[in-house]
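File shown: model.cif. Contents: mmCIF, C-alpha atoms and all ligand atoms.
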data_coords
loop_
_atom_site.label_atom_id
_atom_site.label_comp_id
_atom_site.auth_asym_id
_atom_site.auth_seq_id
_atom_site.Cartn_x
_atom_site.Cartn_y
_atom_site.Cartn_z
CA MET A 266 1.33 12.83 34.31
CA ARG A 267 0.53 10.50 31.42
CA ILE A 268 -1.55 11.91 28.64
CA VAL A 269 -3.31 9.57 26.26
CA GLU A 270 -4.53 10.98 22.98
CA LEU A 271 -7.75 9.44 21.72
CA GLY A 272 -6.74 9.94 18.08
CA GLU A 273 -3.41 8.14 18.45
CA SER A 274 -4.80 5.21 20.43
CA ALA A 275 -7.64 4.78 17.93
CA LEU A 276 -5.16 4.80 15.03
CA LYS A 277 -2.94 2.26 16.82
CA LYS A 278 -5.92 0.00 17.51
CA GLY A 279 -6.88 0.37 13.83
CA ARG A 280 -3.39 -0.60 12.68
CA ASP A 281 -3.45 -3.69 14.92
CA LEU A 282 -6.86 -4.70 13.55
CA ALA A 283 -5.59 -4.24 9.99
CA ILE A 284 -2.63 -6.54 10.70
CA GLU A 285 -5.06 -9.13 12.11
CA ASN A 286 -7.27 -8.84 9.02
CA LYS A 287 -4.32 -9.55 6.73
CA LYS A 288 -3.25 -12.55 8.83
CA PHE A 289 -6.82 -13.88 8.76
CA LEU A 290 -6.96 -13.50 4.95
CA ASP A 291 -3.61 -15.30 4.71
CA THR A 292 -4.92 -18.26 6.72
CA LYS A 293 -7.84 -18.44 4.27
CA GLY A 294 -5.59 -18.12 1.20
CA VAL A 295 -7.23 -14.88 0.08
CA PHE A 296 -5.18 -12.15 -1.64
CA ALA A 297 -6.82 -8.75 -1.11
CA PHE A 298 -6.75 -5.36 -2.81
CA ASP A 299 -7.94 -2.05 -1.32
CA VAL A 300 -9.32 -0.03 -4.24
CA MET A 301 -9.45 3.67 -3.42
CA GLY A 302 -10.31 6.85 -5.30
CA SER A 303 -12.59 9.88 -5.32
CA VAL A 304 -16.33 9.67 -5.84
CA GLY A 305 -16.92 9.24 -9.57
CA SER A 306 -13.36 8.29 -10.52
CA GLY A 307 -14.54 4.90 -11.79
CA LYS A 308 -13.60 2.50 -8.97
CA THR A 309 -16.67 0.33 -9.47
CA SER A 310 -16.30 0.29 -13.27
CA ILE A 311 -12.68 -0.80 -13.04
CA ILE A 312 -13.46 -3.45 -10.40
CA LYS A 313 -16.27 -4.74 -12.64
CA TRP A 314 -13.82 -5.09 -15.54
CA LEU A 315 -11.22 -6.76 -13.33
CA VAL A 316 -13.83 -9.24 -12.08
CA ARG A 317 -15.11 -9.93 -15.60
CA LYS A 318 -11.62 -10.61 -16.96
CA LEU A 319 -10.26 -12.51 -13.96
CA LYS A 320 -13.20 -14.68 -12.91
CA GLY A 321 -12.23 -17.47 -15.34
CA ASP A 322 -8.81 -17.80 -13.68
CA TYR A 323 -9.50 -16.95 -10.04
CA LYS A 324 -12.35 -17.24 -7.57
CA ILE A 325 -13.20 -13.60 -6.90
CA GLY A 326 -15.04 -11.83 -4.07
CA VAL A 327 -15.85 -8.16 -3.62
CA ILE A 328 -16.63 -5.89 -0.67
CA ALA A 329 -18.27 -2.62 -1.73
CA GLY A 330 -17.89 0.24 0.75
CA ASP A 331 -20.34 3.13 0.65
CA LEU A 332 -22.16 5.43 3.07
CA THR A 333 -25.73 4.24 2.54
CA THR A 334 -26.38 2.90 -0.97
CA GLU A 335 -26.08 -0.50 -2.66
CA VAL A 336 -25.68 0.75 -6.24
CA ASP A 337 -22.05 -0.37 -6.59
CA ALA A 338 -22.62 -3.78 -5.01
CA LEU A 339 -25.57 -4.42 -7.34
CA ARG A 340 -23.46 -3.54 -10.41
CA ILE A 341 -20.76 -5.97 -9.36
CA GLU A 342 -23.24 -8.72 -8.45
CA GLU A 343 -24.19 -8.78 -12.14
CA GLU A 344 -20.84 -10.52 -12.70
CA GLY A 345 -22.05 -13.47 -10.61
CA VAL A 346 -19.42 -13.29 -7.85
CA PRO A 347 -20.04 -13.00 -4.08
CA VAL A 348 -20.40 -9.38 -2.98
CA VAL A 349 -20.89 -7.89 0.48
CA GLN A 350 -22.03 -4.30 0.90
CA ALA A 351 -20.34 -2.45 3.81
CA HIS A 352 -22.21 0.65 4.90
CA THR A 353 -20.20 3.25 6.82
CA GLY A 354 -23.12 5.63 7.53
CA ARG A 355 -21.58 9.04 8.18
CA VAL A 356 -17.99 7.84 8.11
CA CYS A 357 -15.92 8.76 5.06
CA HIS A 358 -13.64 5.68 4.91
CA LEU A 359 -13.69 1.94 5.56
CA ASP A 360 -12.21 0.96 8.91
CA PRO A 361 -10.60 -2.40 9.63
CA GLY A 362 -13.31 -3.47 12.11
CA LEU A 363 -16.07 -3.06 9.53
CA VAL A 364 -13.89 -4.73 6.90
CA ARG A 365 -13.41 -7.71 9.22
CA THR A 366 -17.17 -8.11 9.63
CA ALA A 367 -17.61 -7.88 5.85
CA ILE A 368 -14.85 -10.45 5.25
CA GLU A 369 -16.53 -12.86 7.67
CA ASN A 370 -19.73 -12.55 5.64
CA LEU A 371 -18.05 -13.83 2.46
CA PRO A 372 -17.63 -17.50 1.48
CA LEU A 373 -13.85 -17.32 1.98
CA ASP A 374 -13.18 -20.95 1.04
CA ASP A 375 -14.48 -20.06 -2.43
CA ILE A 376 -12.40 -16.90 -2.84
CA ASP A 377 -8.77 -16.50 -4.00
CA VAL A 378 -8.80 -12.79 -4.81
CA LEU A 379 -10.77 -10.12 -2.94
CA PHE A 380 -11.35 -6.57 -4.16
CA ILE A 381 -12.42 -4.10 -1.47
CA GLU A 382 -13.88 -0.87 -2.85
CA ASN A 383 -13.21 1.84 -0.31
CA VAL A 384 -15.50 4.85 0.21
CA GLY A 385 -14.97 7.60 -2.40
CA ASN A 386 -12.29 9.69 -0.70
CA LEU A 387 -8.51 10.02 -1.12
CA ILE A 388 -7.66 11.59 2.24
CA CYS A 389 -8.49 9.41 5.26
CA PRO A 390 -8.08 6.03 3.53
CA ALA A 391 -4.38 6.95 3.28
CA ALA A 392 -4.25 7.02 7.11
CA VAL A 393 -6.50 4.04 7.82
CA PRO A 394 -5.09 0.73 6.61
CA ILE A 395 -7.71 -2.03 6.41
CA GLY A 396 -5.42 -5.05 6.11
CA VAL A 397 -4.81 -5.93 2.46
CA HIS A 398 -1.91 -7.16 0.34
CA LYS A 399 -1.96 -4.49 -2.38
CA GLU A 400 -3.43 -1.02 -2.77
CA MET A 401 -4.84 0.50 -5.93
CA VAL A 402 -6.08 4.00 -6.67
CA VAL A 403 -8.45 4.74 -9.51
CA THR A 404 -8.15 8.41 -10.42
CA SER A 405 -9.34 10.11 -13.59
CA VAL A 406 -8.43 12.97 -15.90
CA THR A 407 -11.75 14.63 -15.03
CA GLU A 408 -10.45 15.33 -11.52
CA GLY A 409 -8.10 17.97 -12.93
CA PRO A 410 -4.33 18.32 -13.32
CA TYR A 411 -3.39 18.50 -9.62
CA MET A 412 -5.17 15.41 -8.32
CA ILE A 413 -2.00 13.45 -7.65
CA LYS A 414 0.08 16.37 -6.31
CA LYS A 415 -2.68 17.24 -3.83
CA HIS A 416 -2.86 13.77 -2.33
CA PRO A 417 0.77 12.96 -1.53
CA TYR A 418 0.07 10.61 1.40
CA MET A 419 -2.16 8.41 -0.72
CA PHE A 420 0.01 8.29 -3.82
CA GLN A 421 3.28 7.74 -1.94
CA ARG A 422 2.09 4.37 -0.66
CA VAL A 423 -0.02 2.91 -3.41
CA ASP A 424 1.01 -0.09 -5.57
CA TYR A 425 -1.17 0.46 -8.65
CA VAL A 426 -2.69 3.58 -10.17
CA ALA A 427 -5.33 3.39 -12.89
CA ILE A 428 -5.71 6.79 -14.54
CA ASN A 429 -9.24 6.46 -15.82
CA LYS A 430 -11.34 8.24 -18.48
CA ILE A 431 -8.40 8.46 -20.89
CA ASP A 432 -10.87 9.22 -23.68
CA LEU A 433 -11.54 12.62 -22.03
CA GLN A 434 -7.94 13.87 -21.94
CA LYS A 435 -8.47 16.42 -24.73
CA ALA A 436 -11.80 17.68 -23.42
CA MET A 437 -10.35 18.14 -19.93
CA ASN A 438 -6.96 19.40 -21.13
CA VAL A 439 -5.39 16.98 -18.66
CA SER A 440 -2.91 14.36 -19.86
CA VAL A 441 -2.23 10.92 -18.45
CA HIS A 442 1.43 11.63 -19.12
CA GLY A 443 1.39 14.75 -16.89
CA LEU A 444 -0.33 12.89 -14.05
CA GLU A 445 2.16 10.05 -14.43
CA GLU A 446 5.07 12.50 -14.07
CA ASP A 447 3.55 13.83 -10.83
CA LEU A 448 3.22 10.29 -9.55
CA ARG A 449 6.83 9.44 -10.41
CA GLU A 450 8.01 12.25 -8.12
CA LEU A 451 6.03 10.83 -5.20
CA ASN A 452 6.35 7.14 -5.89
CA PRO A 453 8.81 5.79 -8.46
CA ASN A 454 7.67 2.18 -7.92
CA ALA A 455 3.92 2.42 -8.49
CA ILE A 456 2.54 0.82 -11.65
CA VAL A 457 0.50 3.32 -13.68
CA ILE A 458 -1.90 2.40 -16.45
CA GLY A 459 -4.34 4.59 -18.39
CA THR A 460 -7.81 3.06 -18.51
CA ASN A 461 -11.29 3.61 -19.92
CA GLY A 462 -13.87 2.22 -17.52
CA ILE A 463 -16.58 2.22 -20.19
CA THR A 464 -14.79 0.25 -22.92
CA GLY A 465 -12.33 -1.63 -20.67
CA GLU A 466 -9.32 -0.28 -22.57
CA GLY A 467 -6.14 -0.63 -20.50
CA VAL A 468 -7.58 -3.22 -18.11
CA ASP A 469 -5.71 -6.16 -19.71
CA LYS A 470 -2.48 -4.20 -19.38
CA LEU A 471 -3.27 -3.46 -15.74
CA ILE A 472 -3.92 -7.16 -15.06
CA GLN A 473 -0.59 -8.12 -16.68
CA CYS A 474 1.15 -5.85 -14.14
CA MET A 475 -0.77 -7.06 -11.09
CA SER A 476 0.21 -9.86 -8.74
CA PHE A 477 -2.46 -12.08 -7.25
CA GLN A 478 -0.43 -14.00 -4.71
CA GLN A 479 2.31 -13.34 -2.18
MG MG B 501 -18.13 3.06 -6.69
ZN ZN B 502 -12.68 9.30 6.56
#
Have the structure of the file written as structure tokens, please.
Ligand code: MG
Ligand code: ZN
Amino acid sequence: MRIVELGESALKKGRDLAIENKKFLDTKGVFAFDVMGSVGSGKTSIIKWLVRKLKGDYKIGVIAGDLTTEVDALRIEEEGVPVVQAHTGRVCHLDPGLVRTAIENLPLDDIDVLFIENVGNLICPAAVPIGVHKEMVVTSVTEGPYMIKKHPYMFQRVDYVAINKIDLQKAMNVSVHGLEEDLRELNPNAIVIGTNGITGEGVDKLIQCMSFQQ
């Protein structure tokens, strides 16, 4: 008897769709980042800074993922770049099918670099690739000292980690250095930069470490 598990077939279909998304972006010459992190870590603030500092050099587009609101998309639109809001409803992560629809709603011929803000969640996005070139996590010292240790699947695979809210290290008694040591155990290759999403501190350093083409 053959037994087919719904979960496994759905994940496989998702992986295939993610591969197709990346190929599609490649044909359009778009280099894409999946930006993940908990609710309130500062994903939107960091994306806003990245857009502000990069838009003179690259044509930027953004997809903002959220359950039901448009608050993040509206904040990014203030930077004058094309933004598509992707609503997931009751689903706690972006899936590659929804991302594909969002991508097709962007003026791709006018975009070199695409930032995709995932839904605020560090668990399922680690299991659901959406079809990008690089992955970034924005975490923050306000999430406590065990944030990285408790999300091994996410931090093992990610390319860039912004540890945000560095100005609150003392108040939270959580150090960027300690979080960085936890990350090194899981992922020696990830690039880690401390950032302040309010002042933009650290964002130039992050940009110097990022690649924007294959
Ligand atoms: Mg956000
Ligand atoms: Zn989820």
Using all atoms listed in the file, which residues of the polymer chains come no farther than 6 Å from ligand MG 501 (chain B)? I'd like the answer as an MDAnalysis selection string. chainID A and resid 308:309 337
Taking all atoms listed in the file and a cut-off of 10 Å, can you tell me which residues surround ligand ZN 502 (chain B), written as a compact mmCIF listing (two decimals) with C-alpha atoms, keeping the file's coordinate frame?
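What follows is the written file part.txt:
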# COMPACT_ATOMS: atom_id res chain seq x y z
CA THR A 353 -20.20 3.25 6.82
CA ARG A 355 -21.58 9.04 8.18
CA VAL A 356 -17.99 7.84 8.11
CA CYS A 357 -15.92 8.76 5.06
CA HIS A 358 -13.64 5.68 4.91
CA LEU A 359 -13.69 1.94 5.56
CA ASP A 360 -12.21 0.96 8.91
CA VAL A 384 -15.50 4.85 0.21
CA GLY A 385 -14.97 7.60 -2.40
CA ASN A 386 -12.29 9.69 -0.70
CA LEU A 387 -8.51 10.02 -1.12
CA ILE A 388 -7.66 11.59 2.24
CA CYS A 389 -8.49 9.41 5.26
CA PRO A 390 -8.08 6.03 3.53
CA ALA A 391 -4.38 6.95 3.28
CA ALA A 392 -4.25 7.02 7.11
CA VAL A 393 -6.50 4.04 7.82
Out of A:Leu282, A:Val423, A:Cys474, A:Ala351, which residue has the shortest atom-to-atom distance to Thr333 (chain A) when counting only C-alpha atoms?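 Under the stated criterion, the closest residue is A:Ala351.
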Could you name the residues that touch region 365-376 of chain A at 6 Å or less, counting all atoms listed in the file, but leaving out those on the same chain fewer than 5 positions away, as a PDB file with C-alpha atoms, in the frame of the given file?
ATOM      1  CA  LYS A 324     -12.350 -17.240  -7.570  1.00  0.00           C
ATOM      2  CA  ILE A 325     -13.200 -13.600  -6.900  1.00  0.00           C
ATOM      3  CA  GLY A 326     -15.040 -11.830  -4.070  1.00  0.00           C
TER       4      GLY A 326
END
Leaving out Glu446 (chain A) and any residue of its chain fewer than 6 positions from it, which residues lie within 12 Å of it when counting only C-alpha atoms, given as a list in words?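 Surrounding residues, per the criterion: Pro410, Tyr411, Ile413, Lys414, Ser440, Asn452, Pro453, Ala455 and Val457 of chain A.
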Any chance you can output those residues with C-alpha atoms as a PDB file, in the frame of the given file?
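So the final result, stored in result_22.pdb, reads:
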ATOM      1  CA  PRO A 410      -4.330  18.320 -13.320  1.00  0.00           C
ATOM      2  CA  TYR A 411      -3.390  18.500  -9.620  1.00  0.00           C
ATOM      3  CA  ILE A 413      -2.000  13.450  -7.650  1.00  0.00           C
ATOM      4  CA  LYS A 414       0.080  16.370  -6.310  1.00  0.00           C
ATOM      5  CA  SER A 440      -2.910  14.360 -19.860  1.00  0.00           C
ATOM      6  CA  ASN A 452       6.350   7.140  -5.890  1.00  0.00           C
ATOM      7  CA  PRO A 453       8.810   5.790  -8.460  1.00  0.00           C
ATOM      8  CA  ALA A 455       3.920   2.420  -8.490  1.00  0.00           C
ATOM      9  CA  VAL A 457       0.500   3.320 -13.680  1.00  0.00           C
TER      10      VAL A 457
END
Which residues are near region 283-292 of chain A? Cut-off 8 Å, all atoms listed in the file, ignore same chain within fewer than 5 positions. Put them as a list in words.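 So the residues in contact are Ala297, Pro361, Arg365, Pro394, Ile395, Gly396, Val397 and His398 of chain A.
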Could you save the residues just selected, with C-alpha atoms, as a PDB file, in the frame of the given file?
ATOM      1  CA  ALA A 297      -6.820  -8.750  -1.110  1.00  0.00           C
ATOM      2  CA  PRO A 361     -10.600  -2.400   9.630  1.00  0.00           C
ATOM      3  CA  ARG A 365     -13.410  -7.710   9.220  1.00  0.00           C
ATOM      4  CA  PRO A 394      -5.090   0.730   6.610  1.00  0.00           C
ATOM      5  CA  ILE A 395      -7.710  -2.030   6.410  1.00  0.00           C
ATOM      6  CA  GLY A 396      -5.420  -5.050   6.110  1.00  0.00           C
ATOM      7  CA  VAL A 397      -4.810  -5.930   2.460  1.00  0.00           C
ATOM      8  CA  HIS A 398      -1.910  -7.160   0.340  1.00  0.00           C
TER       9      HIS A 398
END
Tell me, in Å to one decimal, how far CA of Leu444 (chain A) is from CA of Ala329 (chain A).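 The value is 26.7 Å.
Among the candidates A:Gly272, A:Pro347, A:Thr404, A:Glu342, the one nearest to Phe420 (chain A) when counting all atoms listed in the file is A:Thr404.
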Counting only C-alpha atoms, which residues have an atom no more than 7 Å from (-6.6, -12.1, -6.7) in the file's coordinates? Please list them as a PDB file with C-alpha atoms, in the coordinates of the input.
ATOM      1  CA  PHE A 296      -5.180 -12.150  -1.640  1.00  0.00           C
ATOM      2  CA  ALA A 297      -6.820  -8.750  -1.110  1.00  0.00           C
ATOM      3  CA  TYR A 323      -9.500 -16.950 -10.040  1.00  0.00           C
ATOM      4  CA  ILE A 325     -13.200 -13.600  -6.900  1.00  0.00           C
ATOM      5  CA  ASP A 377      -8.770 -16.500  -4.000  1.00  0.00           C
ATOM      6  CA  VAL A 378      -8.800 -12.790  -4.810  1.00  0.00           C
ATOM      7  CA  LEU A 379     -10.770 -10.120  -2.940  1.00  0.00           C
ATOM      8  CA  PHE A 477      -2.460 -12.080  -7.250  1.00  0.00           C
ATOM      9  CA  GLN A 478      -0.430 -14.000  -4.710  1.00  0.00           C
TER      10      GLN A 478
END
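Relative to CA of Ile311 (chain A), CA of Val403 (chain A) is found at 7.8 Å.
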What is the distance between CA of Met475 (chain A) and CA of Leu433 (chain A), in Å to one decimal?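 Going from CA of Met475 (chain A) over to CA of Leu433 (chain A) covers 25.0 Å.
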List every protein, DNA or RNA residue that has an atom no more than 12 Å from (-7.2, 1.4, -19.3) in the file's coordinate frame, counting all atoms listed in the file, and report them as number ranges by chain. A: 307, 310-312, 314-315, 403-405, 426-432, 441, 457-473
Restricted to C-alpha atoms, what would the selected residues look like written as a PDB file, in the coordinates of the input?
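So result21.pdb came out as:
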ATOM      1  CA  GLY A 307     -14.540   4.900 -11.790  1.00  0.00           C
ATOM      2  CA  SER A 310     -16.300   0.290 -13.270  1.00  0.00           C
ATOM      3  CA  ILE A 311     -12.680  -0.800 -13.040  1.00  0.00           C
ATOM      4  CA  ILE A 312     -13.460  -3.450 -10.400  1.00  0.00           C
ATOM      5  CA  TRP A 314     -13.820  -5.090 -15.540  1.00  0.00           C
ATOM      6  CA  LEU A 315     -11.220  -6.760 -13.330  1.00  0.00           C
ATOM      7  CA  VAL A 403      -8.450   4.740  -9.510  1.00  0.00           C
ATOM      8  CA  THR A 404      -8.150   8.410 -10.420  1.00  0.00           C
ATOM      9  CA  SER A 405      -9.340  10.110 -13.590  1.00  0.00           C
ATOM     10  CA  VAL A 426      -2.690   3.580 -10.170  1.00  0.00           C
ATOM     11  CA  ALA A 427      -5.330   3.390 -12.890  1.00  0.00           C
ATOM     12  CA  ILE A 428      -5.710   6.790 -14.540  1.00  0.00           C
ATOM     13  CA  ASN A 429      -9.240   6.460 -15.820  1.00  0.00           C
ATOM     14  CA  LYS A 430     -11.340   8.240 -18.480  1.00  0.00           C
ATOM     15  CA  ILE A 431      -8.400   8.460 -20.890  1.00  0.00           C
ATOM     16  CA  ASP A 432     -10.870   9.220 -23.680  1.00  0.00           C
ATOM     17  CA  VAL A 441      -2.230  10.920 -18.450  1.00  0.00           C
ATOM     18  CA  VAL A 457       0.500   3.320 -13.680  1.00  0.00           C
ATOM     19  CA  ILE A 458      -1.900   2.400 -16.450  1.00  0.00           C
ATOM     20  CA  GLY A 459      -4.340   4.590 -18.390  1.00  0.00           C
ATOM     21  CA  THR A 460      -7.810   3.060 -18.510  1.00  0.00           C
ATOM     22  CA  ASN A 461     -11.290   3.610 -19.920  1.00  0.00           C
ATOM     23  CA  GLY A 462     -13.870   2.220 -17.520  1.00  0.00           C
ATOM     24  CA  ILE A 463     -16.580   2.220 -20.190  1.00  0.00           C
ATOM     25  CA  THR A 464     -14.790   0.250 -22.920  1.00  0.00           C
ATOM     26  CA  GLY A 465     -12.330  -1.630 -20.670  1.00  0.00           C
ATOM     27  CA  GLU A 466      -9.320  -0.280 -22.570  1.00  0.00           C
ATOM     28  CA  GLY A 467      -6.140  -0.630 -20.500  1.00  0.00           C
ATOM     29  CA  VAL A 468      -7.580  -3.220 -18.110  1.00  0.00           C
ATOM     30  CA  ASP A 469      -5.710  -6.160 -19.710  1.00  0.00           C
ATOM     31  CA  LYS A 470      -2.480  -4.200 -19.380  1.00  0.00           C
ATOM     32  CA  LEU A 471      -3.270  -3.460 -15.740  1.00  0.00           C
ATOM     33  CA  ILE A 472      -3.920  -7.160 -15.060  1.00  0.00           C
ATOM     34  CA  GLN A 473      -0.590  -8.120 -16.680  1.00  0.00           C
TER      35      GLN A 473
END
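Distance annotation: of A:Asp331, A:Phe298, A:Asn438, A:Leu448, the residue with the minimal separation from Gln421 (chain A) is A:Leu448; atom set is all atoms listed in the file.
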Which one of A:Arg317, A:Leu451, A:Ile341, A:Ile456 sits closest to Val402 (chain A) if you count only C-alpha atoms?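 Distance minimum relative to Val402 (chain A) lands on A:Ile456.
The closest residue to Lys313 (chain A), picked from A:Arg267, A:Arg422, A:Lys293, A:Arg340 and counting all atoms listed in the file, is A:Arg340.
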